[in-house]
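Contents: one structure, followed by commentary.
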Amino acid sequence: MTLLQLSYVIELSQHDSFSLAARRLHISQPALSLQISKLEEELGMKLFKRSPNRVALTAEGELFAGKARELLQLAGNLKDLPFELGKKPEGELRVGVISTLAPYWFAMFLDQFGQEYPNIRLTVRELKTEEIISQLKNGQLDAGFISTPVSAPGMVFRPLFYEKFYLYVSEQHELYASESIDLDKVDLREMWYLQEGNCFQNQVDSVCVYAKEPGEYQNIVYLSNSIESLCRIVENSGGITFIPEMATLSVSPEKEQMIKEIVGTPPVREISLATTRISKSDRLIEFLLGEALKIIPKRMLANPVEKTLDTGLRF
């Protein structure tokens, strides 16, 4: 068994096709098939189920692929040993961040990070939580920034900060003059929603206990993954939407009166760093966090008295 064979297993498991995996690996399809067969023979078990149109991991193959990823990550750590010893801030870092967080947090420190660490090649992808978890497990990402708690075996979550939920209210709305708003007084027909299945929307639903689909209340339904889009709709078309605390920091001064606190115990979501149990980029991640957390208000770094909202996500 070789590390090269392990990398072949991981590539094939990601693409479910010998021909596509072989192209990605820059080897011939027969060579890839031969190496997988030799590995299966050595192990005495089948790693893949083969059919005319698709190749998929067996149950045993799933377990083997998980261990293979860990071994390949450990091997990658050895390559980074000169960097670790020299303490040089250089290398590649690939991170995923949820769309309800990226525009308000990452946009505020990326330029400073680039100036501080010009030799770190940082790639940031806006993704859904399930995509971040999947790509972390597949080795396509080194770290993810998501809302937690999330149930995902094999993952490690490190809470970073906590943000309250606020309401963003149109200037034409009757509740606009209020300093804070009781959710019981909000008409569901005036609420604009994020896309179903978005973890932020799942948390909003748990706060308001919405029992019906938005379409049952509205003649216009605008489902989006962008809080920014919903804010523009509220500004131009009226109504109300929810926004997280980081989003309020980028609201222009003339629009600040549209931000309203929620009466009673404020809903709070937890933002965490997600990694696999073995990460080859721990030092690079710490460099990133050093810049990223500088811009977070101190009040948001403290563990809140209020219970944080569940995302409702299980993987």
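Just remember, in the structure tokens the first chain shown is A, the second B, etc., residues are 1-based per chain, and ligands are 1-based in the order shown.
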Residues within 10 Å of segment 307-313 of chain A, please, as a PDB file with C-alpha atoms, in the first residue's frame. Count only C-alpha atoms; anything in the same chain fewer than 2 positions from it doesn't count.
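Result went into result20.pdb, see below:
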```pdb
ATOM      1  CA  THR A 129     -22.846  24.621   5.503  1.00  0.00           C
ATOM      2  CA  GLU A 130     -23.325  21.153   4.012  1.00  0.00           C
ATOM      3  CA  ILE A 146     -20.115  28.299   9.956  1.00  0.00           C
ATOM      4  CA  SER A 147     -22.899  28.723  12.458  1.00  0.00           C
ATOM      5  CA  THR A 148     -23.037  25.992  15.092  1.00  0.00           C
ATOM      6  CA  PRO A 149     -24.026  23.713  16.752  1.00  0.00           C
ATOM      7  CA  VAL A 150     -23.897  21.265  13.861  1.00  0.00           C
ATOM      8  CA  SER A 151     -23.835  17.491  14.151  1.00  0.00           C
ATOM      9  CA  ALA A 152     -21.055  16.212  11.870  1.00  0.00           C
ATOM     10  CA  TYR A 162     -21.627  35.167  19.043  1.00  0.00           C
ATOM     11  CA  GLU A 163     -23.981  37.510  17.228  1.00  0.00           C
ATOM     12  CA  LYS A 164     -27.487  38.624  18.111  1.00  0.00           C
ATOM     13  CA  GLY A 197     -32.638  25.049   4.308  1.00  0.00           C
ATOM     14  CA  ASN A 198     -30.289  27.987   4.983  1.00  0.00           C
ATOM     15  CA  CYS A 199     -28.966  27.537   8.547  1.00  0.00           C
ATOM     16  CA  PHE A 200     -29.725  31.193   9.378  1.00  0.00           C
ATOM     17  CA  GLN A 201     -33.311  30.705   8.217  1.00  0.00           C
ATOM     18  CA  ASN A 202     -33.550  27.502  10.272  1.00  0.00           C
ATOM     19  CA  GLN A 203     -32.596  29.574  13.310  1.00  0.00           C
ATOM     20  CA  VAL A 204     -35.092  32.303  12.425  1.00  0.00           C
ATOM     21  CA  ASP A 205     -37.798  29.653  12.149  1.00  0.00           C
ATOM     22  CA  SER A 206     -36.963  28.354  15.626  1.00  0.00           C
ATOM     23  CA  VAL A 207     -37.341  31.889  17.014  1.00  0.00           C
ATOM     24  CA  THR A 265     -34.111  37.704  25.393  1.00  0.00           C
ATOM     25  CA  PRO A 266     -32.338  38.331  22.080  1.00  0.00           C
ATOM     26  CA  PRO A 267     -31.809  35.328  19.789  1.00  0.00           C
ATOM     27  CA  VAL A 268     -28.078  34.572  19.421  1.00  0.00           C
ATOM     28  CA  ARG A 269     -26.153  32.432  16.954  1.00  0.00           C
ATOM     29  CA  GLU A 270     -22.710  30.922  17.497  1.00  0.00           C
ATOM     30  CA  ILE A 271     -20.020  31.266  14.819  1.00  0.00           C
ATOM     31  CA  ASN A 303     -19.900  33.516  25.684  1.00  0.00           C
ATOM     32  CA  PRO A 304     -23.479  34.833  26.011  1.00  0.00           C
ATOM     33  CA  VAL A 305     -25.819  34.155  28.912  1.00  0.00           C
ATOM     34  CA  PHE A 315     -24.805  15.230   8.657  1.00  0.00           C
TER      35      PHE A 315
END
```
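Within the 6 Å cut-off around segment 249-264 of chain A, using only C-alpha atoms and omitting residues fewer than 6 positions from it on the same chain, the listed residues are A:Tyr166, A:Leu167, A:Tyr168, A:Val169, A:Ser180, A:Ile181, A:Asp182.
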Inset, instruction - Step one, run DSSP on the backbone; step two, keep only residues of segment 74-254 of chain A assigned to strand (DSSP E or B); then write them as a PyMOL selection string. - result: chain A and resi 91-97+120-126+143-148+151+155-169+180-181+191+194+224+240-244
Legend entry - Which residue of A:Tyr117, A:Phe64, A:Phe242, A:Phe145 approaches Ser99 of chain A most closely, using only C-alpha atoms: A:Phe145
Inset, instruction - Within segment 116-313 of chain A, find each residue whose DSSP state, derived from the backbone, is helix (DSSP H, G or I), and express the selection as a PyMOL selection string. - result: chain A and resi 116+129-137+183-185+188-190+199-208+214-216+227-237+245-248+253-258+282-295+298-301
Inset, instruction - Write out as a PyMOL selection string the residues lying within 12 Å of segment 21-35 of chain A, counting only C-alpha atoms and excluding same-chain residues fewer than 5 positions away. - result: chain A and resi 1-16+40-42+47-48+50+54-55
Could the residues in this selection be saved with N, CA, C and O atoms as a compact mmCIF listing (two decimals), in the first residue's frame?
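Saved result, again_24.txt, follows:
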```
# COMPACT_ATOMS: atom_id res chain seq x y z
N MET A 1 0.85 -1.19 0.00
CA MET A 1 0.00 0.00 0.00
C MET A 1 0.88 1.25 0.00
O MET A 1 1.83 1.34 0.77
N THR A 2 0.56 2.20 -0.86
CA THR A 2 1.35 3.42 -0.96
C THR A 2 0.47 4.65 -0.80
O THR A 2 -0.76 4.59 -0.97
N LEU A 3 1.11 5.78 -0.49
CA LEU A 3 0.37 7.03 -0.39
C LEU A 3 -0.25 7.40 -1.73
O LEU A 3 -1.33 7.99 -1.79
N LEU A 4 0.44 7.03 -2.81
CA LEU A 4 -0.09 7.31 -4.14
C LEU A 4 -1.40 6.57 -4.37
O LEU A 4 -2.37 7.13 -4.89
N GLN A 5 -1.44 5.31 -3.94
CA GLN A 5 -2.68 4.54 -4.08
C GLN A 5 -3.80 5.16 -3.24
O GLN A 5 -4.96 5.20 -3.66
N LEU A 6 -3.45 5.63 -2.05
CA LEU A 6 -4.45 6.28 -1.20
C LEU A 6 -5.02 7.52 -1.88
O LEU A 6 -6.22 7.78 -1.82
N SER A 7 -4.14 8.30 -2.52
CA SER A 7 -4.62 9.49 -3.23
C SER A 7 -5.51 9.12 -4.40
O SER A 7 -6.47 9.83 -4.71
N TYR A 8 -5.25 7.97 -5.04
CA TYR A 8 -6.10 7.50 -6.13
C TYR A 8 -7.50 7.17 -5.61
O TYR A 8 -8.51 7.47 -6.25
N VAL A 9 -7.55 6.54 -4.44
CA VAL A 9 -8.85 6.18 -3.85
C VAL A 9 -9.66 7.44 -3.57
O VAL A 9 -10.86 7.51 -3.87
N ILE A 10 -9.02 8.45 -3.00
CA ILE A 10 -9.72 9.69 -2.65
C ILE A 10 -10.23 10.38 -3.91
O ILE A 10 -11.38 10.83 -3.98
N GLU A 11 -9.40 10.46 -4.94
CA GLU A 11 -9.80 11.12 -6.19
C GLU A 11 -10.96 10.40 -6.84
O GLU A 11 -11.94 11.02 -7.29
N LEU A 12 -10.89 9.07 -6.88
CA LEU A 12 -11.96 8.29 -7.49
C LEU A 12 -13.26 8.42 -6.70
O LEU A 12 -14.35 8.50 -7.28
N SER A 13 -13.16 8.48 -5.38
CA SER A 13 -14.36 8.60 -4.55
C SER A 13 -15.05 9.94 -4.76
O SER A 13 -16.26 10.07 -4.58
N GLN A 14 -14.30 10.97 -5.14
CA GLN A 14 -14.87 12.31 -5.33
C GLN A 14 -15.55 12.46 -6.68
O GLN A 14 -16.45 13.29 -6.84
N HIS A 15 -15.14 11.65 -7.67
CA HIS A 15 -15.66 11.85 -9.03
C HIS A 15 -16.51 10.70 -9.54
O HIS A 15 -17.19 10.83 -10.57
N ASP A 16 -16.49 9.55 -8.85
CA ASP A 16 -17.36 8.41 -9.21
C ASP A 16 -17.18 7.96 -10.65
O ASP A 16 -18.11 7.43 -11.25
N GLU A 40 -7.15 -3.31 -3.61
CA GLU A 40 -8.26 -4.14 -3.13
C GLU A 40 -7.79 -5.57 -2.88
O GLU A 40 -8.19 -6.21 -1.89
N GLU A 41 -6.95 -6.06 -3.76
CA GLU A 41 -6.43 -7.42 -3.59
C GLU A 41 -5.55 -7.51 -2.34
O GLU A 41 -5.63 -8.48 -1.58
N GLU A 42 -4.73 -6.50 -2.12
CA GLU A 42 -3.87 -6.48 -0.94
C GLU A 42 -4.69 -6.43 0.34
O GLU A 42 -4.38 -7.09 1.34
N LEU A 47 -13.30 -1.93 -2.38
CA LEU A 47 -13.46 -0.54 -1.96
C LEU A 47 -14.53 0.18 -2.77
O LEU A 47 -15.14 1.13 -2.28
N PHE A 48 -14.74 -0.30 -4.01
CA PHE A 48 -15.68 0.37 -4.91
C PHE A 48 -16.67 -0.63 -5.51
O PHE A 48 -16.32 -1.76 -5.82
N ARG A 50 -18.72 -1.20 -8.81
CA ARG A 50 -18.58 -0.78 -10.20
C ARG A 50 -19.85 -1.10 -10.98
O ARG A 50 -20.40 -2.20 -10.88
N ARG A 54 -21.37 4.22 -13.27
CA ARG A 54 -20.94 4.89 -12.04
C ARG A 54 -20.08 3.97 -11.19
O ARG A 54 -20.24 2.75 -11.21
N VAL A 55 -19.15 4.59 -10.47
CA VAL A 55 -18.33 3.90 -9.48
C VAL A 55 -18.59 4.55 -8.13
O VAL A 55 -18.55 5.78 -8.02
```
Legend entry - Given only C-alpha atoms as the counted atoms, nearest of A:Lys137, A:Lys128, A:Gly44, A:Ala107 to Lys67 of chain A: A:Lys137
Legend entry - Nearest to Glu70 of chain A by atom-to-atom distance, counting only C-alpha atoms, from A:Ile296, A:Leu136, A:Leu301, A:Ile227: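 Among the listed residues, A:Leu136 lies closest to Glu70 of chain A.
Closest to Glu286 of chain A among A:Glu171, A:Asp142, A:Glu131, A:Glu60 is A:Asp142, based on only C-alpha atoms.
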Legend entry - Point-to-point distance from atom CA of Gly114 of chain A to atom CA of Leu289 of chain A, Å rounded to tenths: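 Pair atom CA of Gly114 of chain A / atom CA of Leu289 of chain A returns 13.0 Å.
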Mind checking which residues fall within 8 Å of Ile120 of chain A, counting only C-alpha atoms, ignoring those fewer than 2 positions away in the same chain, and posting them as a compact mmCIF listing (two decimals) with N, CA, C and O atoms, in the first residue's frame?
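Listing of result_1.txt after writing:
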```
# COMPACT_ATOMS: atom_id res chain seq x y z
N PRO A 89 5.54 32.62 7.54
CA PRO A 89 4.12 32.67 7.17
C PRO A 89 3.92 32.57 5.67
O PRO A 89 3.73 33.56 4.98
N GLU A 90 3.99 31.35 5.16
CA GLU A 90 3.78 31.16 3.74
C GLU A 90 3.10 29.83 3.50
O GLU A 90 3.14 28.92 4.33
N GLY A 91 2.44 29.73 2.34
CA GLY A 91 1.74 28.50 2.01
C GLY A 91 0.38 28.80 1.41
O GLY A 91 0.05 29.95 1.08
N GLU A 92 -0.45 27.76 1.29
CA GLU A 92 -1.79 27.89 0.71
C GLU A 92 -2.84 27.55 1.76
O GLU A 92 -2.70 26.58 2.49
N LEU A 93 -3.88 28.35 1.80
CA LEU A 93 -4.97 28.14 2.74
C LEU A 93 -6.30 28.28 2.01
O LEU A 93 -6.55 29.30 1.37
N GLY A 114 -3.95 40.29 3.47
CA GLY A 114 -3.09 40.20 2.30
C GLY A 114 -1.82 41.03 2.44
O GLY A 114 -0.75 40.61 1.99
N TYR A 117 0.37 39.21 5.28
CA TYR A 117 0.92 37.90 4.91
C TYR A 117 0.90 37.73 3.38
O TYR A 117 0.12 36.96 2.84
N PRO A 118 1.77 38.44 2.69
CA PRO A 118 1.75 38.40 1.22
C PRO A 118 2.14 37.05 0.64
O PRO A 118 1.85 36.79 -0.53
N LEU A 122 -4.44 32.74 -0.07
CA LEU A 122 -5.73 32.47 0.56
C LEU A 122 -6.84 32.39 -0.48
O LEU A 122 -7.02 33.32 -1.27
N LEU A 284 -1.34 28.29 9.57
CA LEU A 284 -1.90 29.26 8.63
C LEU A 284 -3.28 29.73 9.10
O LEU A 284 -3.63 30.90 8.97
```
